[in-house]
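Participant: Contents of entry16.cif (mmCIF, N, CA and C atoms):
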```
data_structure
loop_
_atom_site.label_atom_id
_atom_site.label_comp_id
_atom_site.auth_asym_id
_atom_site.auth_seq_id
_atom_site.Cartn_x
_atom_site.Cartn_y
_atom_site.Cartn_z
N MET A 30 9.59 28.08 39.95
CA MET A 30 8.54 27.75 39.00
C MET A 30 8.69 26.28 38.62
N ILE A 31 7.58 25.63 38.41
CA ILE A 31 7.57 24.24 37.99
C ILE A 31 7.10 24.17 36.53
N TYR A 32 7.87 23.41 35.73
CA TYR A 32 7.54 23.19 34.33
C TYR A 32 7.38 21.70 34.09
N GLY A 33 6.60 21.36 33.08
CA GLY A 33 6.47 19.98 32.66
C GLY A 33 6.81 19.88 31.18
N TYR A 34 7.42 18.76 30.81
CA TYR A 34 7.72 18.55 29.40
C TYR A 34 7.20 17.19 28.96
N ILE A 35 6.50 17.19 27.83
CA ILE A 35 5.92 15.99 27.23
C ILE A 35 6.44 15.87 25.81
N ARG A 36 6.82 14.64 25.44
CA ARG A 36 7.20 14.39 24.05
C ARG A 36 6.65 13.05 23.62
N VAL A 37 5.99 13.05 22.48
CA VAL A 37 5.62 11.81 21.79
C VAL A 37 6.27 11.86 20.42
N SER A 38 6.57 10.70 19.87
CA SER A 38 7.35 10.65 18.64
C SER A 38 6.59 11.04 17.38
N THR A 39 5.29 10.84 17.39
CA THR A 39 4.49 11.17 16.20
C THR A 39 3.21 11.88 16.61
N LYS A 40 2.58 12.54 15.67
CA LYS A 40 1.32 13.24 15.93
C LYS A 40 0.19 12.27 16.26
N GLU A 41 0.33 11.01 15.85
CA GLU A 41 -0.70 10.01 16.09
C GLU A 41 -0.63 9.44 17.51
N GLN A 42 0.52 9.56 18.16
CA GLN A 42 0.66 9.00 19.50
C GLN A 42 -0.08 9.85 20.53
N ASN A 43 -0.52 9.18 21.59
CA ASN A 43 -1.31 9.83 22.62
C ASN A 43 -0.41 10.26 23.78
N GLU A 44 -0.56 11.50 24.19
CA GLU A 44 0.26 12.05 25.26
C GLU A 44 -0.43 12.00 26.63
N ASP A 45 -1.63 11.40 26.70
CA ASP A 45 -2.43 11.41 27.93
C ASP A 45 -1.70 10.84 29.14
N ARG A 46 -0.97 9.75 28.97
CA ARG A 46 -0.27 9.12 30.09
C ARG A 46 0.71 10.11 30.73
N GLN A 47 1.43 10.83 29.91
CA GLN A 47 2.39 11.81 30.42
C GLN A 47 1.68 13.01 31.06
N LEU A 48 0.59 13.44 30.44
CA LEU A 48 -0.17 14.58 30.97
C LEU A 48 -0.77 14.25 32.33
N ILE A 49 -1.31 13.05 32.47
CA ILE A 49 -1.86 12.61 33.76
C ILE A 49 -0.77 12.61 34.83
N ALA A 50 0.40 12.11 34.48
CA ALA A 50 1.51 12.06 35.43
C ALA A 50 1.91 13.48 35.88
N LEU A 51 1.99 14.42 34.95
CA LEU A 51 2.35 15.80 35.30
C LEU A 51 1.27 16.45 36.16
N ASN A 52 0.01 16.14 35.87
CA ASN A 52 -1.09 16.69 36.67
C ASN A 52 -1.03 16.19 38.11
N GLU A 53 -0.56 14.96 38.31
CA GLU A 53 -0.42 14.41 39.66
C GLU A 53 0.63 15.17 40.46
N TYR A 54 1.53 15.86 39.78
CA TYR A 54 2.56 16.67 40.45
C TYR A 54 2.21 18.16 40.41
N ASN A 55 0.94 18.45 40.09
CA ASN A 55 0.42 19.82 40.10
C ASN A 55 1.22 20.80 39.25
N VAL A 56 1.66 20.33 38.09
CA VAL A 56 2.33 21.24 37.16
C VAL A 56 1.26 22.13 36.53
N PRO A 57 1.40 23.44 36.64
CA PRO A 57 0.39 24.33 36.05
C PRO A 57 0.27 24.08 34.54
N GLU A 58 -0.94 24.03 34.05
CA GLU A 58 -1.19 23.74 32.63
C GLU A 58 -0.43 24.70 31.71
N LYS A 59 -0.34 25.97 32.11
CA LYS A 59 0.35 26.97 31.28
C LYS A 59 1.86 26.72 31.22
N ASN A 60 2.37 25.88 32.11
CA ASN A 60 3.81 25.58 32.15
C ASN A 60 4.14 24.21 31.58
N ILE A 61 3.19 23.59 30.91
CA ILE A 61 3.44 22.29 30.28
C ILE A 61 3.72 22.52 28.80
N TYR A 62 4.86 22.03 28.37
CA TYR A 62 5.30 22.16 26.98
C TYR A 62 5.28 20.77 26.35
N MET A 63 4.78 20.69 25.11
CA MET A 63 4.65 19.39 24.46
C MET A 63 5.11 19.46 23.01
N ASP A 64 5.93 18.47 22.65
CA ASP A 64 6.35 18.30 21.26
C ASP A 64 5.85 16.96 20.76
N LYS A 65 5.42 16.94 19.51
CA LYS A 65 5.02 15.70 18.85
C LYS A 65 5.99 15.47 17.71
N GLN A 66 7.17 15.01 18.07
CA GLN A 66 8.19 14.70 17.07
C GLN A 66 9.26 13.81 17.69
N SER A 67 10.09 13.29 16.86
CA SER A 67 11.14 12.36 17.28
C SER A 67 12.04 12.96 18.34
N GLY A 68 12.59 12.08 19.17
CA GLY A 68 13.55 12.51 20.18
C GLY A 68 14.99 12.35 19.71
N LYS A 69 15.18 12.26 18.40
CA LYS A 69 16.54 12.03 17.87
C LYS A 69 17.48 13.19 18.16
N ASP A 70 16.93 14.41 18.31
CA ASP A 70 17.75 15.56 18.68
C ASP A 70 16.89 16.54 19.47
N PHE A 71 17.46 17.65 19.83
CA PHE A 71 16.74 18.63 20.65
C PHE A 71 16.28 19.84 19.85
N ASP A 72 16.19 19.69 18.55
CA ASP A 72 15.68 20.75 17.70
C ASP A 72 14.15 20.67 17.70
N ARG A 73 13.56 21.00 18.86
CA ARG A 73 12.12 20.91 19.05
C ARG A 73 11.59 22.26 19.56
N LYS A 74 10.56 22.75 18.91
CA LYS A 74 10.06 24.10 19.17
C LYS A 74 9.65 24.31 20.63
N GLN A 75 8.81 23.43 21.16
CA GLN A 75 8.31 23.63 22.52
C GLN A 75 9.40 23.40 23.57
N TYR A 76 10.29 22.46 23.31
CA TYR A 76 11.41 22.24 24.23
C TYR A 76 12.26 23.51 24.33
N LYS A 77 12.56 24.11 23.19
CA LYS A 77 13.36 25.34 23.18
C LYS A 77 12.64 26.47 23.90
N ARG A 78 11.32 26.57 23.72
CA ARG A 78 10.54 27.61 24.42
C ARG A 78 10.62 27.40 25.92
N MET A 79 10.48 26.14 26.35
CA MET A 79 10.54 25.84 27.77
C MET A 79 11.91 26.21 28.33
N LEU A 80 12.95 25.81 27.62
CA LEU A 80 14.32 26.05 28.07
C LEU A 80 14.59 27.56 28.24
N LYS A 81 14.04 28.36 27.34
CA LYS A 81 14.21 29.82 27.46
C LYS A 81 13.51 30.37 28.70
N SER A 82 12.42 29.72 29.11
CA SER A 82 11.65 30.18 30.27
C SER A 82 12.27 29.78 31.60
N VAL A 83 13.01 28.68 31.62
CA VAL A 83 13.56 28.13 32.86
C VAL A 83 14.62 29.05 33.44
N LYS A 84 14.49 29.30 34.74
CA LYS A 84 15.42 30.16 35.48
C LYS A 84 16.02 29.37 36.65
N GLU A 85 16.95 30.00 37.33
CA GLU A 85 17.60 29.38 38.50
C GLU A 85 16.55 28.95 39.53
N ASN A 86 16.75 27.75 40.08
CA ASN A 86 15.88 27.14 41.10
C ASN A 86 14.54 26.65 40.57
N ASP A 87 14.31 26.71 39.26
CA ASP A 87 13.10 26.14 38.69
C ASP A 87 13.24 24.63 38.62
N LEU A 88 12.13 23.96 38.36
CA LEU A 88 12.10 22.51 38.29
C LEU A 88 11.36 22.08 37.03
N ILE A 89 11.98 21.16 36.27
CA ILE A 89 11.34 20.57 35.10
C ILE A 89 10.97 19.14 35.46
N ILE A 90 9.71 18.79 35.25
CA ILE A 90 9.24 17.43 35.55
C ILE A 90 8.94 16.73 34.23
N ILE A 91 9.48 15.51 34.08
CA ILE A 91 9.19 14.67 32.91
C ILE A 91 8.80 13.28 33.40
N LYS A 92 8.02 12.58 32.62
CA LYS A 92 7.55 11.24 33.00
C LYS A 92 8.69 10.23 33.02
N SER A 93 9.48 10.20 31.96
CA SER A 93 10.61 9.27 31.91
C SER A 93 11.73 9.91 31.09
N ILE A 94 12.93 9.43 31.31
CA ILE A 94 14.09 10.07 30.69
C ILE A 94 14.06 9.98 29.17
N ASP A 95 13.45 8.93 28.63
CA ASP A 95 13.38 8.81 27.16
C ASP A 95 12.42 9.82 26.54
N ARG A 96 11.59 10.47 27.34
CA ARG A 96 10.72 11.53 26.83
C ARG A 96 11.54 12.79 26.57
N LEU A 97 12.65 12.91 27.25
CA LEU A 97 13.55 14.04 27.00
C LEU A 97 14.23 13.87 25.65
N GLY A 98 14.67 12.65 25.33
CA GLY A 98 15.31 12.39 24.05
C GLY A 98 15.75 10.95 23.95
N ARG A 99 16.36 10.62 22.82
CA ARG A 99 16.82 9.26 22.57
C ARG A 99 18.33 9.13 22.56
N ASN A 100 19.01 10.21 22.30
CA ASN A 100 20.46 10.16 22.20
C ASN A 100 21.06 10.52 23.56
N TYR A 101 21.73 9.55 24.18
CA TYR A 101 22.22 9.75 25.54
C TYR A 101 23.19 10.92 25.65
N ALA A 102 24.10 11.06 24.71
CA ALA A 102 25.08 12.15 24.78
C ALA A 102 24.36 13.50 24.77
N GLU A 103 23.33 13.63 23.94
CA GLU A 103 22.59 14.89 23.88
C GLU A 103 21.75 15.10 25.14
N ILE A 104 21.19 14.01 25.69
CA ILE A 104 20.44 14.12 26.94
C ILE A 104 21.36 14.63 28.03
N LEU A 105 22.53 14.04 28.12
CA LEU A 105 23.49 14.45 29.15
C LEU A 105 23.90 15.91 28.98
N GLU A 106 24.09 16.33 27.73
CA GLU A 106 24.44 17.73 27.46
C GLU A 106 23.31 18.67 27.90
N GLN A 107 22.08 18.31 27.58
CA GLN A 107 20.93 19.13 27.98
C GLN A 107 20.77 19.13 29.49
N TRP A 108 20.97 17.96 30.10
CA TRP A 108 20.87 17.83 31.56
C TRP A 108 21.85 18.79 32.23
N ARG A 109 23.07 18.80 31.73
CA ARG A 109 24.09 19.68 32.30
C ARG A 109 23.76 21.15 32.05
N THR A 110 23.22 21.46 30.89
CA THR A 110 22.81 22.84 30.60
C THR A 110 21.76 23.29 31.61
N ILE A 111 20.78 22.44 31.85
CA ILE A 111 19.69 22.78 32.77
C ILE A 111 20.20 22.88 34.21
N THR A 112 20.98 21.89 34.64
CA THR A 112 21.35 21.84 36.04
C THR A 112 22.58 22.69 36.40
N LYS A 113 23.50 22.85 35.47
CA LYS A 113 24.72 23.57 35.80
C LYS A 113 24.74 25.00 35.28
N ILE A 114 24.25 25.22 34.08
CA ILE A 114 24.27 26.58 33.53
C ILE A 114 23.04 27.36 34.00
N LYS A 115 21.87 26.75 33.84
CA LYS A 115 20.64 27.43 34.27
C LYS A 115 20.39 27.30 35.77
N LYS A 116 21.06 26.32 36.41
CA LYS A 116 20.92 26.06 37.85
C LYS A 116 19.49 25.74 38.25
N ALA A 117 18.83 24.99 37.36
CA ALA A 117 17.49 24.47 37.62
C ALA A 117 17.64 22.97 37.87
N ASP A 118 16.55 22.28 38.09
CA ASP A 118 16.63 20.85 38.32
C ASP A 118 15.61 20.11 37.48
N ILE A 119 15.83 18.80 37.36
CA ILE A 119 14.96 17.93 36.58
C ILE A 119 14.47 16.82 37.50
N PHE A 120 13.18 16.59 37.48
CA PHE A 120 12.56 15.51 38.26
C PHE A 120 12.00 14.50 37.26
N VAL A 121 12.54 13.28 37.28
CA VAL A 121 12.09 12.23 36.37
C VAL A 121 11.18 11.31 37.17
N ILE A 122 9.90 11.34 36.87
CA ILE A 122 8.90 10.61 37.66
C ILE A 122 9.23 9.13 37.78
N ASP A 123 9.65 8.51 36.69
CA ASP A 123 9.89 7.07 36.68
C ASP A 123 11.24 6.63 37.24
N ILE A 124 12.06 7.56 37.72
CA ILE A 124 13.37 7.18 38.27
C ILE A 124 13.47 7.74 39.69
N SER A 125 12.89 7.02 40.64
CA SER A 125 12.81 7.53 42.00
C SER A 125 14.19 7.74 42.64
N ILE A 126 15.17 6.90 42.33
CA ILE A 126 16.50 7.07 42.92
C ILE A 126 17.11 8.40 42.52
N LEU A 127 16.90 8.82 41.29
CA LEU A 127 17.43 10.10 40.82
C LEU A 127 16.76 11.25 41.57
N ASN A 128 15.49 11.11 41.86
CA ASN A 128 14.76 12.16 42.57
C ASN A 128 15.20 12.27 44.02
N ILE A 129 15.56 11.16 44.64
CA ILE A 129 16.11 11.19 46.00
C ILE A 129 17.43 11.95 45.98
N ILE A 130 18.21 11.73 44.95
CA ILE A 130 19.50 12.40 44.84
C ILE A 130 19.30 13.91 44.63
N ILE A 131 18.27 14.30 43.90
CA ILE A 131 17.97 15.73 43.74
C ILE A 131 17.69 16.34 45.11
N PHE A 132 16.94 15.61 45.93
CA PHE A 132 16.66 16.07 47.28
C PHE A 132 17.97 16.24 48.06
N PHE A 133 18.86 15.25 47.95
CA PHE A 133 20.16 15.31 48.61
C PHE A 133 20.96 16.53 48.17
N SER A 134 20.89 16.85 46.88
CA SER A 134 21.71 17.92 46.35
C SER A 134 21.37 19.28 46.96
N TYR A 135 20.14 19.43 47.45
CA TYR A 135 19.78 20.69 48.09
C TYR A 135 20.46 20.84 49.45
N PHE A 136 20.79 19.72 50.09
CA PHE A 136 21.39 19.77 51.41
C PHE A 136 22.89 19.50 51.41
N PHE A 137 23.32 18.69 50.48
CA PHE A 137 24.74 18.32 50.39
C PHE A 137 25.17 18.52 48.94
N THR A 138 25.36 19.74 48.55
CA THR A 138 25.51 20.12 47.15
C THR A 138 26.51 19.25 46.39
N MET A 139 27.74 19.15 46.85
CA MET A 139 28.76 18.42 46.10
C MET A 139 28.44 16.93 46.02
N VAL A 140 27.99 16.34 47.13
CA VAL A 140 27.65 14.92 47.13
C VAL A 140 26.48 14.67 46.20
N GLY A 141 25.46 15.52 46.27
CA GLY A 141 24.29 15.36 45.42
C GLY A 141 24.62 15.47 43.95
N LEU A 142 25.45 16.45 43.60
CA LEU A 142 25.83 16.63 42.19
C LEU A 142 26.64 15.42 41.70
N TYR A 143 27.54 14.94 42.52
CA TYR A 143 28.34 13.77 42.16
C TYR A 143 27.44 12.55 41.96
N LEU A 144 26.51 12.33 42.88
CA LEU A 144 25.61 11.18 42.78
C LEU A 144 24.73 11.27 41.54
N LYS A 145 24.26 12.46 41.19
CA LYS A 145 23.45 12.62 39.98
C LYS A 145 24.24 12.20 38.75
N GLU A 146 25.50 12.63 38.67
CA GLU A 146 26.34 12.26 37.53
C GLU A 146 26.55 10.74 37.49
N CYS A 147 26.76 10.13 38.63
CA CYS A 147 26.96 8.67 38.68
C CYS A 147 25.72 7.93 38.20
N ILE A 148 24.55 8.36 38.64
CA ILE A 148 23.30 7.71 38.22
C ILE A 148 23.10 7.87 36.73
N LEU A 149 23.36 9.05 36.19
CA LEU A 149 23.19 9.25 34.75
C LEU A 149 24.14 8.37 33.95
N LEU A 150 25.36 8.22 34.41
CA LEU A 150 26.30 7.34 33.72
C LEU A 150 25.86 5.88 33.82
N PHE A 151 25.33 5.49 34.97
CA PHE A 151 24.80 4.15 35.15
C PHE A 151 23.64 3.89 34.18
N LEU A 152 22.75 4.88 34.05
CA LEU A 152 21.62 4.73 33.12
C LEU A 152 22.10 4.56 31.69
N GLN A 153 23.18 5.24 31.34
CA GLN A 153 23.72 5.10 30.00
C GLN A 153 24.13 3.66 29.75
N VAL A 154 24.84 3.08 30.68
CA VAL A 154 25.30 1.70 30.53
C VAL A 154 24.12 0.74 30.46
N CYS A 155 23.12 0.95 31.29
CA CYS A 155 21.97 0.03 31.36
C CYS A 155 21.02 0.15 30.18
N ASN A 156 20.91 1.31 29.59
CA ASN A 156 19.86 1.55 28.61
C ASN A 156 20.30 1.63 27.16
N LEU A 157 21.57 1.48 26.87
CA LEU A 157 21.99 1.52 25.47
C LEU A 157 21.44 0.29 24.75
N ARG A 158 20.69 0.51 23.69
CA ARG A 158 20.08 -0.61 22.99
C ARG A 158 20.16 -0.51 21.47
N TYR A 159 19.79 0.63 20.93
CA TYR A 159 19.59 0.74 19.48
C TYR A 159 20.72 1.49 18.79
N GLY A 160 21.91 1.08 18.96
CA GLY A 160 23.02 1.76 18.30
C GLY A 160 23.71 2.70 19.25
N LYS A 161 24.82 3.16 18.85
CA LYS A 161 25.68 3.96 19.72
C LYS A 161 24.98 5.24 20.21
N GLY A 162 24.88 5.34 21.52
CA GLY A 162 24.37 6.57 22.12
C GLY A 162 22.88 6.73 22.15
N HIS A 163 22.10 5.72 21.82
CA HIS A 163 20.65 5.88 21.81
C HIS A 163 20.02 5.05 22.91
N LEU A 164 19.06 5.67 23.61
CA LEU A 164 18.34 4.97 24.64
C LEU A 164 17.31 4.06 24.03
N MET A 165 16.90 3.06 24.79
CA MET A 165 15.89 2.12 24.28
C MET A 165 14.54 2.77 24.14
#
```
Would you put the structure from the file into structure tokens?
Facilitator:
Amino acid sequence: MIYGYIRVSTKEQNEDRQLIALNEYNVPEKNIYMDKQSGKDFDRKQYKRMLKSVKENDLIIIKSIDRLGRNYAEILEQWRTITKIKKADIFVIDISILNIIIFFSYFFTMVGLYLKECILLFLQVCNLRYGKGHLM
């Protein structure tokens, strides 16, 4: 099953850019979950609903990693929950190298998993901007 996740920080912000991106990947409308609140933590109603629905071999598509959240440690924790505990995958539209690695992981499991962890750690170093553990 394919799921999409959209997050905007406030009710006034427009989610159209993210919705258009998910539609380009043919995410079924009924499988798109959207929260209109801060990404400071993962206490978000629609995110939790989506996570409960995700099963092994499912795929979650997001426009960019900062739509998942702002706190890198929490993003990494959620990423591991999705990929290691639920055994689903995440496709980040704006990070093509990560998506190539997801493809690799289907054929070379250990190498792919290792490369995904390396890329996520690299992103942490590159994107820390607004205080400890927060993405730009």
Participant: To one decimal in Å, tell me the separation between atom CA of A:Lys116 and atom C of A:Ile61.
Facilitator: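 Atom C of A:Ile61 lies 19.8 Å from atom CA of A:Lys116.
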Participant: What gap, in Å, lies between atom N of A:Arg73 and atom CA of A:Leu97?
Facilitator: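 It comes out at 10.7 Å.
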Participant: Calculated over all atoms listed in the file, which of the candidates A:Asp45, A:Glu146, A:Glu58, A:Asp118 has the smallest distance to A:Leu88?
Facilitator: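 Of all the options, A:Asp118 lies closest to A:Leu88.
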Participant: Using DSSP on the backbone coordinates, identify the residues of stretch 33-68 of chain A assigned to helix (DSSP H, G or I); present them as number ranges by chain.
Facilitator: A: 45-53, 58-60
Participant: When the PyMOL selection byres (((chain A and resi 78 and name CA) around 12) and name CA) is applied to the file above, which residues end up in the set, as number ranges by chain?
Facilitator: A: 32-34, 60-64, 71-77, 79-83
Participant: Just N, CA and C atoms for this one: save the residues we selected as a short mmCIF file (atom, residue, chain, number, x, y, z; two decimals), in the frame of the given file.
Facilitator:
```cif
data_model
loop_
_atom_site.label_atom_id
_atom_site.label_comp_id
_atom_site.auth_asym_id
_atom_site.auth_seq_id
_atom_site.Cartn_x
_atom_site.Cartn_y
_atom_site.Cartn_z
N TYR A 32 7.87 23.41 35.73
CA TYR A 32 7.54 23.19 34.33
C TYR A 32 7.38 21.70 34.09
N GLY A 33 6.60 21.36 33.08
CA GLY A 33 6.47 19.98 32.66
C GLY A 33 6.81 19.88 31.18
N TYR A 34 7.42 18.76 30.81
CA TYR A 34 7.72 18.55 29.40
C TYR A 34 7.20 17.19 28.96
N ASN A 60 2.37 25.88 32.11
CA ASN A 60 3.81 25.58 32.15
C ASN A 60 4.14 24.21 31.58
N ILE A 61 3.19 23.59 30.91
CA ILE A 61 3.44 22.29 30.28
C ILE A 61 3.72 22.52 28.80
N TYR A 62 4.86 22.03 28.37
CA TYR A 62 5.30 22.16 26.98
C TYR A 62 5.28 20.77 26.35
N MET A 63 4.78 20.69 25.11
CA MET A 63 4.65 19.39 24.46
C MET A 63 5.11 19.46 23.01
N ASP A 64 5.93 18.47 22.65
CA ASP A 64 6.35 18.30 21.26
C ASP A 64 5.85 16.96 20.76
N PHE A 71 17.46 17.65 19.83
CA PHE A 71 16.74 18.63 20.65
C PHE A 71 16.28 19.84 19.85
N ASP A 72 16.19 19.69 18.55
CA ASP A 72 15.68 20.75 17.70
C ASP A 72 14.15 20.67 17.70
N ARG A 73 13.56 21.00 18.86
CA ARG A 73 12.12 20.91 19.05
C ARG A 73 11.59 22.26 19.56
N LYS A 74 10.56 22.75 18.91
CA LYS A 74 10.06 24.10 19.17
C LYS A 74 9.65 24.31 20.63
N GLN A 75 8.81 23.43 21.16
CA GLN A 75 8.31 23.63 22.52
C GLN A 75 9.40 23.40 23.57
N TYR A 76 10.29 22.46 23.31
CA TYR A 76 11.41 22.24 24.23
C TYR A 76 12.26 23.51 24.33
N LYS A 77 12.56 24.11 23.19
CA LYS A 77 13.36 25.34 23.18
C LYS A 77 12.64 26.47 23.90
N MET A 79 10.48 26.14 26.35
CA MET A 79 10.54 25.84 27.77
C MET A 79 11.91 26.21 28.33
N LEU A 80 12.95 25.81 27.62
CA LEU A 80 14.32 26.05 28.07
C LEU A 80 14.59 27.56 28.24
N LYS A 81 14.04 28.36 27.34
CA LYS A 81 14.21 29.82 27.46
C LYS A 81 13.51 30.37 28.70
N SER A 82 12.42 29.72 29.11
CA SER A 82 11.65 30.18 30.27
C SER A 82 12.27 29.78 31.60
N VAL A 83 13.01 28.68 31.62
CA VAL A 83 13.56 28.13 32.86
C VAL A 83 14.62 29.05 33.44
#
```
Participant: Between atom C of A:Phe120 and atom N of A:Glu41, what distance in Å does the model show, to one decimal?
Facilitator: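 Straight-line distance from atom C of A:Phe120 to atom N of A:Glu41 works out to 24.6 Å.
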Participant: So which residues get picked by the PyMOL selection byres (((chain A and resi 44 and name CA) around 12) and name CA) here, written as a list of chain:residue names?
Facilitator: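 With the PyMOL selection byres (((chain A and resi 44 and name CA) around 12) and name CA) on this model, the match is A:Tyr34, A:Ile35, A:Arg36, A:Val37, A:Ser38, A:Thr39, A:Lys40, A:Glu41, A:Gln42, A:Asn43, A:Asp45, A:Arg46, A:Gln47, A:Leu48, A:Ile49, A:Ala50, A:Leu51, A:Ile61, A:Tyr62, A:Met63, A:Asp64, A:Lys65, A:Gln66, A:Lys92, A:Arg96.
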Participant: For the structure shown, which residues end up in the PyMOL selection byres ((chain A and resi 87) around 6)? Put them as a ChimeraX atom specification, please?
Facilitator: /A:30-31,84-86,88-89,116-118
Participant: A:Tyr54, A:Cys147, A:Ile91, A:Ser67: which is nearest A:Val121, counting only N, CA and C atoms?
Facilitator: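 Among the listed residues, A:Ile91 lies closest to A:Val121.
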Participant: Would you kindly place N, CA, C and O atoms on stretch 110-126 of chain A and return the model as a PDB file, keeping the file's coordinate frame?
Facilitator:
```
ATOM      1  N   THR A 110      23.220  21.460  30.890  1.00  0.00           N
ATOM      2  CA  THR A 110      22.810  22.840  30.600  1.00  0.00           C
ATOM      3  C   THR A 110      21.760  23.290  31.610  1.00  0.00           C
ATOM      4  O   THR A 110      21.856  24.382  32.183  1.00  0.00           O
ATOM      5  N   ILE A 111      20.780  22.440  31.850  1.00  0.00           N
ATOM      6  CA  ILE A 111      19.690  22.780  32.770  1.00  0.00           C
ATOM      7  C   ILE A 111      20.200  22.880  34.210  1.00  0.00           C
ATOM      8  O   ILE A 111      19.892  23.839  34.914  1.00  0.00           O
ATOM      9  N   THR A 112      20.980  21.890  34.640  1.00  0.00           N
ATOM     10  CA  THR A 112      21.350  21.840  36.040  1.00  0.00           C
ATOM     11  C   THR A 112      22.580  22.690  36.400  1.00  0.00           C
ATOM     12  O   THR A 112      22.673  23.175  37.515  1.00  0.00           O
ATOM     13  N   LYS A 113      23.500  22.850  35.470  1.00  0.00           N
ATOM     14  CA  LYS A 113      24.720  23.570  35.800  1.00  0.00           C
ATOM     15  C   LYS A 113      24.740  25.000  35.280  1.00  0.00           C
ATOM     16  O   LYS A 113      25.191  25.904  35.969  1.00  0.00           O
ATOM     17  N   ILE A 114      24.250  25.220  34.080  1.00  0.00           N
ATOM     18  CA  ILE A 114      24.270  26.580  33.530  1.00  0.00           C
ATOM     19  C   ILE A 114      23.040  27.360  34.000  1.00  0.00           C
ATOM     20  O   ILE A 114      23.154  28.461  34.515  1.00  0.00           O
ATOM     21  N   LYS A 115      21.870  26.750  33.840  1.00  0.00           N
ATOM     22  CA  LYS A 115      20.640  27.430  34.270  1.00  0.00           C
ATOM     23  C   LYS A 115      20.390  27.300  35.770  1.00  0.00           C
ATOM     24  O   LYS A 115      19.589  28.021  36.330  1.00  0.00           O
ATOM     25  N   LYS A 116      21.060  26.320  36.410  1.00  0.00           N
ATOM     26  CA  LYS A 116      20.920  26.060  37.850  1.00  0.00           C
ATOM     27  C   LYS A 116      19.490  25.740  38.250  1.00  0.00           C
ATOM     28  O   LYS A 116      19.000  26.134  39.304  1.00  0.00           O
ATOM     29  N   ALA A 117      18.830  24.990  37.360  1.00  0.00           N
ATOM     30  CA  ALA A 117      17.490  24.470  37.620  1.00  0.00           C
ATOM     31  C   ALA A 117      17.640  22.970  37.870  1.00  0.00           C
ATOM     32  O   ALA A 117      18.760  22.452  37.868  1.00  0.00           O
ATOM     33  N   ASP A 118      16.550  22.280  38.090  1.00  0.00           N
ATOM     34  CA  ASP A 118      16.630  20.850  38.320  1.00  0.00           C
ATOM     35  C   ASP A 118      15.610  20.110  37.480  1.00  0.00           C
ATOM     36  O   ASP A 118      14.677  20.708  36.950  1.00  0.00           O
ATOM     37  N   ILE A 119      15.830  18.800  37.360  1.00  0.00           N
ATOM     38  CA  ILE A 119      14.960  17.930  36.580  1.00  0.00           C
ATOM     39  C   ILE A 119      14.470  16.820  37.500  1.00  0.00           C
ATOM     40  O   ILE A 119      15.273  16.195  38.195  1.00  0.00           O
ATOM     41  N   PHE A 120      13.180  16.590  37.480  1.00  0.00           N
ATOM     42  CA  PHE A 120      12.560  15.510  38.260  1.00  0.00           C
ATOM     43  C   PHE A 120      12.000  14.500  37.260  1.00  0.00           C
ATOM     44  O   PHE A 120      11.146  14.844  36.454  1.00  0.00           O
ATOM     45  N   VAL A 121      12.540  13.280  37.280  1.00  0.00           N
ATOM     46  CA  VAL A 121      12.090  12.230  36.370  1.00  0.00           C
ATOM     47  C   VAL A 121      11.180  11.310  37.170  1.00  0.00           C
ATOM     48  O   VAL A 121      11.638  10.579  38.053  1.00  0.00           O
ATOM     49  N   ILE A 122       9.900  11.340  36.870  1.00  0.00           N
ATOM     50  CA  ILE A 122       8.900  10.610  37.660  1.00  0.00           C
ATOM     51  C   ILE A 122       9.230   9.130  37.780  1.00  0.00           C
ATOM     52  O   ILE A 122       9.134   8.560  38.861  1.00  0.00           O
ATOM     53  N   ASP A 123       9.650   8.510  36.690  1.00  0.00           N
ATOM     54  CA  ASP A 123       9.890   7.070  36.680  1.00  0.00           C
ATOM     55  C   ASP A 123      11.240   6.630  37.240  1.00  0.00           C
ATOM     56  O   ASP A 123      11.537   5.445  37.238  1.00  0.00           O
ATOM     57  N   ILE A 124      12.060   7.560  37.720  1.00  0.00           N
ATOM     58  CA  ILE A 124      13.370   7.180  38.270  1.00  0.00           C
ATOM     59  C   ILE A 124      13.470   7.740  39.690  1.00  0.00           C
ATOM     60  O   ILE A 124      14.065   8.774  39.934  1.00  0.00           O
ATOM     61  N   SER A 125      12.890   7.020  40.640  1.00  0.00           N
ATOM     62  CA  SER A 125      12.810   7.530  42.000  1.00  0.00           C
ATOM     63  C   SER A 125      14.190   7.740  42.640  1.00  0.00           C
ATOM     64  O   SER A 125      14.381   8.687  43.395  1.00  0.00           O
ATOM     65  N   ILE A 126      15.170   6.900  42.330  1.00  0.00           N
ATOM     66  CA  ILE A 126      16.500   7.070  42.920  1.00  0.00           C
ATOM     67  C   ILE A 126      17.110   8.400  42.520  1.00  0.00           C
ATOM     68  O   ILE A 126      17.740   9.093  43.327  1.00  0.00           O
TER      69      ILE A 126
END
```
